[in-house]
Amino acid sequence: MKKEQLLSIVIYTLTTLIGAVAFLYPFWQPALPQTNIMGQAHANDAALILTLLVGICFVVLLLEVQGQSISTKLIALLGILVSINTILRFAEVATPTPGGLSPIFFLIVLTGYVYGSRVGFLMGALTLFVSALITGTVGPWLPYQMFTAGWVGMSAPLCRPTVWLLKGEGKWFEVAVLAIFGAFWGLVYGIIMNIWFWPFATGPTSQYWEPGITLVETLERYAVFYLATSLIWDAMRSVGNIIFILAFGLPTLRALRRFHKRFTFDYQPIYEPLPPISIKETV
Amino acid sequence: MIHPVAWLAWVSAMLVTLSMTRNPLYLGLILVWIAFVTIAIRPLASATSPIPISPVRFALVVVTLSTVFNGITVHVGRTVLFRLPGFLPILGGIITLEALAFGFLNGVVLSGIFAAFTVLNRVLPIQAIVRLIPQAFYPVAVVVSIAVSFVPATLHQFQQIRQAQAVRGHRVRGLRDWLPLIVPLLVGGLERALQLAEAMTARGFASTDTQRANSVQAQGTIIAGLILLLGGWLLRLMWGQALLGLTVLLTGVGLIGGTVWLAGRQVPRTVYRPQPWARNDWSVVLGAGVTAMTFLFSWPGLDRSSIFYYPYPTLVWPGFHPILAVATLGLLVPGLLLLRQRNDTIGRVLRRMVAERA
């Protein structure tokens with residue numbers, strides 16, 4: 001394995017690790033020792049540092065992903081696909097859908113699945129960014145949304161081994177696997193996205209004034225919060241992903257695959273040195 | 001006009017200040033300043049992005065939800081209002097005024113953050129935000145520019161497909177009926193992407209063999225930066241080493257920031273319509289900086305304890321420090337500047353009208 005590839009893997013692992021640790025900080029922070037005013041200050045600035053960490057991890061991941069000599073065709077492909085997905089998001093904002101049902105995830109999942117992790121990550125992250133610009137929803141939640149949607153696209157190729165193993169490529173089985181994957185992310189996306197504001201809503205109070213609180217108790221509190229505020233919302237997203245992938249999955253996969261070869265086709269000109277020309281021949 | 005970077009500084013200071021405090025007096029002041037800036041930007045905001053949710057409506061929903069949720073799940077505090085039966089898991093127990101107050105304050109903080117970003121969304125056109133993308137991410141910036149530019153074209157294409165299918169007798173009755181609309185849109189888009197790529201190549205885009213932004217050295221520096229970032233954060237949170245942790249954390253941020261800056265320097269960039277940085281922009285940045293620094297760091301002679309207000313265990317009147325209240329005025333600068341600009345313009349128009357009549 002090349003040195004660069006090895007370093008890339010280290011960067012992916014570190015950013016994912018820090019991102020996960022930062023996202024999950026409300027679950028392990030309560031167990032930390034805190035004292036009086038200092039403790040309160042840390043409880044307050046922890047959310048700020050969390051935003052900083054997630055933002056930096058995202059920047060690093062983006063730099064690493066785009067650093068692998070991104071081609072003109074890939075740029076144009078992403079631009080157009082993001083544009084199509086932005087319109088779907090615009091339609092979602094303009095005509096409110098029930099709960100978290102959103103038509104954008106099916107294209108992120110399918111693009112990541114067909115074109116690979118890099119394109120999947122960029123597709124997820126940039127869809128959220130561009131649609132936030134168009135719909136005027138830029139906010140502190142945006143880095144979290146971009147990061148999480150990037151993870152959705154990035155992890156989509158994980159479905160490939162299951163499909164290959166059961167020889168389901170181009171069949172309904174493939175769509176079913178992707179629909180299950182979409183349903184999973186429909187819920188997980190919501191679970192992760194709640195964490196950016198959950199500490200504001202419940203964290204510091206229960207953490208600070210109940211020093212004996214354990215990880216299990218924190219999880220219990222989060223579960224209650226999730227059940228009370230988000231489960232139905234996220235379930236709608238999950239169901240929506242299943243419906244969209246089942247309804248449009250097969251023809252969309254076919255179209256994306258048809259263009260895959262055309263977009264990844266490349267040629268390398270080989271410059272062979274011309275044979276030396278003798279003076280006799282020229283004369 | 002205020003520079004986009006100055007607006008970014010303003011919204012960052014707003015984020016810092018709102019995240020730091022739960023003191024209702026400071027929160028109230030900050031909300032008044034946001035409302036003032038919102039009124040001041042009204043003439044600028046009409047041509048820019050739409051607002052999907054009104055900040056007032058958002059505040060009503062979030063504050064109510066947050067108050068009720070915190071009130072019924074956190075059974076801490078001395079002012080007991082009533083008691084829920086103990087057999088209810090998590091919800092059973094005392095309902096206190098303190099828990100309701102804390103939930104209310106959390107809702108106010110979230111609403112303030114939303115309102116501040118609504119100002120940013122309304123005042124900055126999309127091109128200005130795209131221009132803020134650092135040079136190191138030029139491929140991403142190009143993708144974003146393409147996506148933003150192609151939205152109207154894609155919408156137009158969708159209309160054409162719909163009309164063409166309607167002529168063939170197609171009607172949308174169920175979800176599957178969207179298929180003849182979605183698939184041609186996707187295929188047409190992909191065809192257009194190929195044409196666009198060819199056009200870009202023909203115009204010399206990516207024709208030079210640019211160096212990989214992440215060479216081995218840069219990758220190594222980023223890894224070191226990430227390790228320092230994680231280490232600094234853990235030092236701060238787990239071992240209570242606030243200063244050392246912050247130093248290590250900022251060193252990591254510096255290493256990563258430096259690498260991104262160096263990667264950006266490899267990319268030449270030309271700006272056709274430069275937006276000059278004016279004195280007003282310095283005023284906005286200075287105002288935002290003063291507010292953020294006062295709330296973030298300890299200063300000799302300044303008692304910051306009133307920032308960290310908690311209503312537990314007994315709800316008491318929050319502390320108030322005049323210097324901290326004055327410091328929040330830094331967030332008002334953009335509003336004042338825009339109002340002065342507006343008054344100047346109105347004054348000029350009025351003077352011209354008077355002169356013409358005379």
# chains A, B, ... in the order shown; residues from 1 in each chain; ligands from 1
call {"tool": "residues_around", "arguments": {"residues": "Ala147 of chain B", "least_positions_apart": "2", "cutoff": "6 Å", "atoms": "only C-alpha atoms", "output": "list in words"}}
result
Gly79, Ile80, Val82 and Ser83 of chain A; Val144, Ser145, Ser149 and Phe150 of chain B
call {"tool": "residues_around", "arguments": {"residues": "segment 235-252 of chain A", "least_positions_apart": "6", "cutoff": "8 Å", "atoms": "only C-alpha atoms", "output": "list in words"}}
result
Pro98, Gly99, Gly100, Leu101, Ser102, Pro103, Phe105, Phe106, Leu110, Gly170, Lys171, Trp172, Val175, Ala176, Leu178, Ala179, Ile180, Gly182, Ala183, Phe184, Trp185, Gly186 and Leu187 of chain A; Leu175, Arg176, Leu179, Val183 and Leu186 of chain B
call {"tool": "closest_residue", "arguments": {"among": "B:Leu84, B:Val216, B:Ala197, B:Val285", "to": "Pro4 of chain B", "atoms": "only C-alpha atoms"}}
result
B:Val285
call {"tool": "closest_atom_pairs", "arguments": {"of": "segment 122-213 of chain A", "to": "segment 1-21 of chain A", "cutoff": "10 Å", "atoms": "only C-alpha atoms", "output": "CSV"}}
result
residue,atom,partner,partner_atom,distance
A:Tyr144,CA,A:Gly19,CA,9.6
A:Phe147,CA,A:Gly19,CA,8.6
A:Thr148,CA,A:Gly19,CA,9.7
A:Trp151,CA,A:Thr16,CA,9.1
A:Ile192,CA,A:Ala20,CA,9.3
call {"tool": "closest_residue", "arguments": {"among": "B:Gly103, B:Gly347, B:Ala40, B:Leu8", "to": "Trp198 of chain A", "atoms": "only C-alpha atoms"}}
result
B:Gly103
call {"tool": "residues_around", "arguments": {"residues": "Gly330 of chain B", "least_positions_apart": "4", "cutoff": "6 Å", "atoms": "only C-alpha atoms", "output": "PyMOL selection string"}}
result
chain B and resi 287-288+291
call {"tool": "closest_residue", "arguments": {"among": "B:Arg352, B:Arg357, B:Arg236, B:His3", "to": "chain A", "atoms": "only C-alpha atoms"}}
result
B:Arg236
call {"tool": "select_by_dssp", "arguments": {"residues": "segment 74-260 of chain B", "states": "helix (DSSP H, G or I)", "output": "ChimeraX atom specification"}}
result
/B:97-123,126-131,135-167,175-202,216-238,242-260
call {"tool": "residues_around", "arguments": {"residues": "Gln275 of chain B", "least_positions_apart": "6", "cutoff": "12 Å", "atoms": "only C-alpha atoms", "output": "mmCIF file with C-alpha atoms, in the first residue's frame"}}
result
data_model
loop_
_atom_site.group_PDB
_atom_site.id
_atom_site.type_symbol
_atom_site.label_atom_id
_atom_site.label_comp_id
_atom_site.auth_asym_id
_atom_site.auth_seq_id
_atom_site.Cartn_x
_atom_site.Cartn_y
_atom_site.Cartn_z
ATOM 1 C CA MET B 1 -23.107 47.450 2.271
ATOM 2 C CA ILE B 2 -21.265 45.408 4.872
ATOM 3 C CA HIS B 3 -18.649 42.878 3.749
ATOM 4 C CA PRO B 4 -19.703 39.176 3.995
ATOM 5 C CA VAL B 5 -16.665 38.424 6.191
ATOM 6 C CA ALA B 6 -17.787 41.138 8.629
ATOM 7 C CA GLN B 127 -22.811 34.390 -4.570
ATOM 8 C CA ALA B 128 -21.338 36.123 -1.522
ATOM 9 C CA ARG B 131 -17.190 33.381 -2.479
ATOM 10 C CA LEU B 132 -16.451 32.744 1.198
ATOM 11 C CA ASP B 281 -16.486 46.500 8.158
#
call {"tool": "residues_around", "arguments": {"residues": "Ile108 of chain A", "least_positions_apart": "3", "cutoff": "9 Å", "atoms": "only C-alpha atoms", "output": "PyMOL selection string"}}
result
chain A and resi 85+104-105+111-113+120-121+123-124+127+149-150+152-153+156
call {"tool": "residues_around", "arguments": {"residues": "Leu302 of chain B", "least_positions_apart": "5", "cutoff": "10 Å", "atoms": "only C-alpha atoms", "output": "PyMOL selection string"}}
result
chain B and resi 294+321+323-324
call {"tool": "write_last_selection", "arguments": {"atoms": "C-alpha atoms", "output": "mmCIF file, in the first residue's frame"}}
result
data_model
loop_
_atom_site.group_PDB
_atom_site.id
_atom_site.type_symbol
_atom_site.label_atom_id
_atom_site.label_comp_id
_atom_site.auth_asym_id
_atom_site.auth_seq_id
_atom_site.Cartn_x
_atom_site.Cartn_y
_atom_site.Cartn_z
ATOM 1 C CA THR B 294 -15.606 39.757 26.934
ATOM 2 C CA HIS B 321 -22.782 43.434 35.461
ATOM 3 C CA ILE B 323 -19.764 46.158 31.686
ATOM 4 C CA LEU B 324 -21.048 42.847 30.308
#
call {"tool": "residues_around", "arguments": {"residues": "Phe90 of chain A", "least_positions_apart": "5", "cutoff": "8 Å", "atoms": "only C-alpha atoms", "output": "list in words"}}
result
Ser131, Ile134 and Thr135 of chain A
call {"tool": "atom_distance", "arguments": {"atom1": "atom CA of Ile84 of chain A", "atom2": "atom CA of Ile146 of chain B"}}
result
11.3 Å
call {"tool": "closest_residue", "arguments": {"among": "A:Val224, A:Leu61, A:Ala22, A:Gly55", "to": "Gln219 of chain B", "atoms": "only C-alpha atoms"}}
result
A:Leu61
call {"tool": "closest_residue", "arguments": {"among": "B:Gly220, B:Gly112, B:Gly169, B:Gly107", "to": "Leu29 of chain B", "atoms": "only C-alpha atoms"}}
result
B:Gly112
call {"tool": "closest_residue", "arguments": {"among": "B:Leu194, B:Leu81, B:Ala116, B:Ile161", "to": "Pro180 of chain B", "atoms": "only C-alpha atoms"}}
result
B:Ile161
call {"tool": "select_by_dssp", "arguments": {"residues": "segment 28-259 of chain B", "states": "strand (DSSP E)", "output": "PyMOL selection string"}}
result
chain B and resi 80-84+93-96
call {"tool": "write_last_selection", "arguments": {"atoms": "C-alpha atoms", "output": "mmCIF file, in the first residue's frame"}}
result
data_model
loop_
_atom_site.group_PDB
_atom_site.id
_atom_site.type_symbol
_atom_site.label_atom_id
_atom_site.label_comp_id
_atom_site.auth_asym_id
_atom_site.auth_seq_id
_atom_site.Cartn_x
_atom_site.Cartn_y
_atom_site.Cartn_z
ATOM 1 C CA VAL B 80 -42.466 22.608 43.612
ATOM 2 C CA LEU B 81 -45.511 23.460 41.492
ATOM 3 C CA PHE B 82 -47.181 20.036 41.426
ATOM 4 C CA ARG B 83 -46.327 16.354 41.318
ATOM 5 C CA LEU B 84 -46.806 13.751 38.595
ATOM 6 C CA GLY B 93 -41.956 13.215 40.153
ATOM 7 C CA ILE B 94 -42.006 16.848 41.157
ATOM 8 C CA ILE B 95 -42.530 19.564 38.562
ATOM 9 C CA THR B 96 -40.549 22.609 39.570
#
call {"tool": "atom_distance", "arguments": {"atom1": "atom CA of Thr154 of chain B", "atom2": "atom CA of Gly189 of chain B"}}
result
7.5 Å
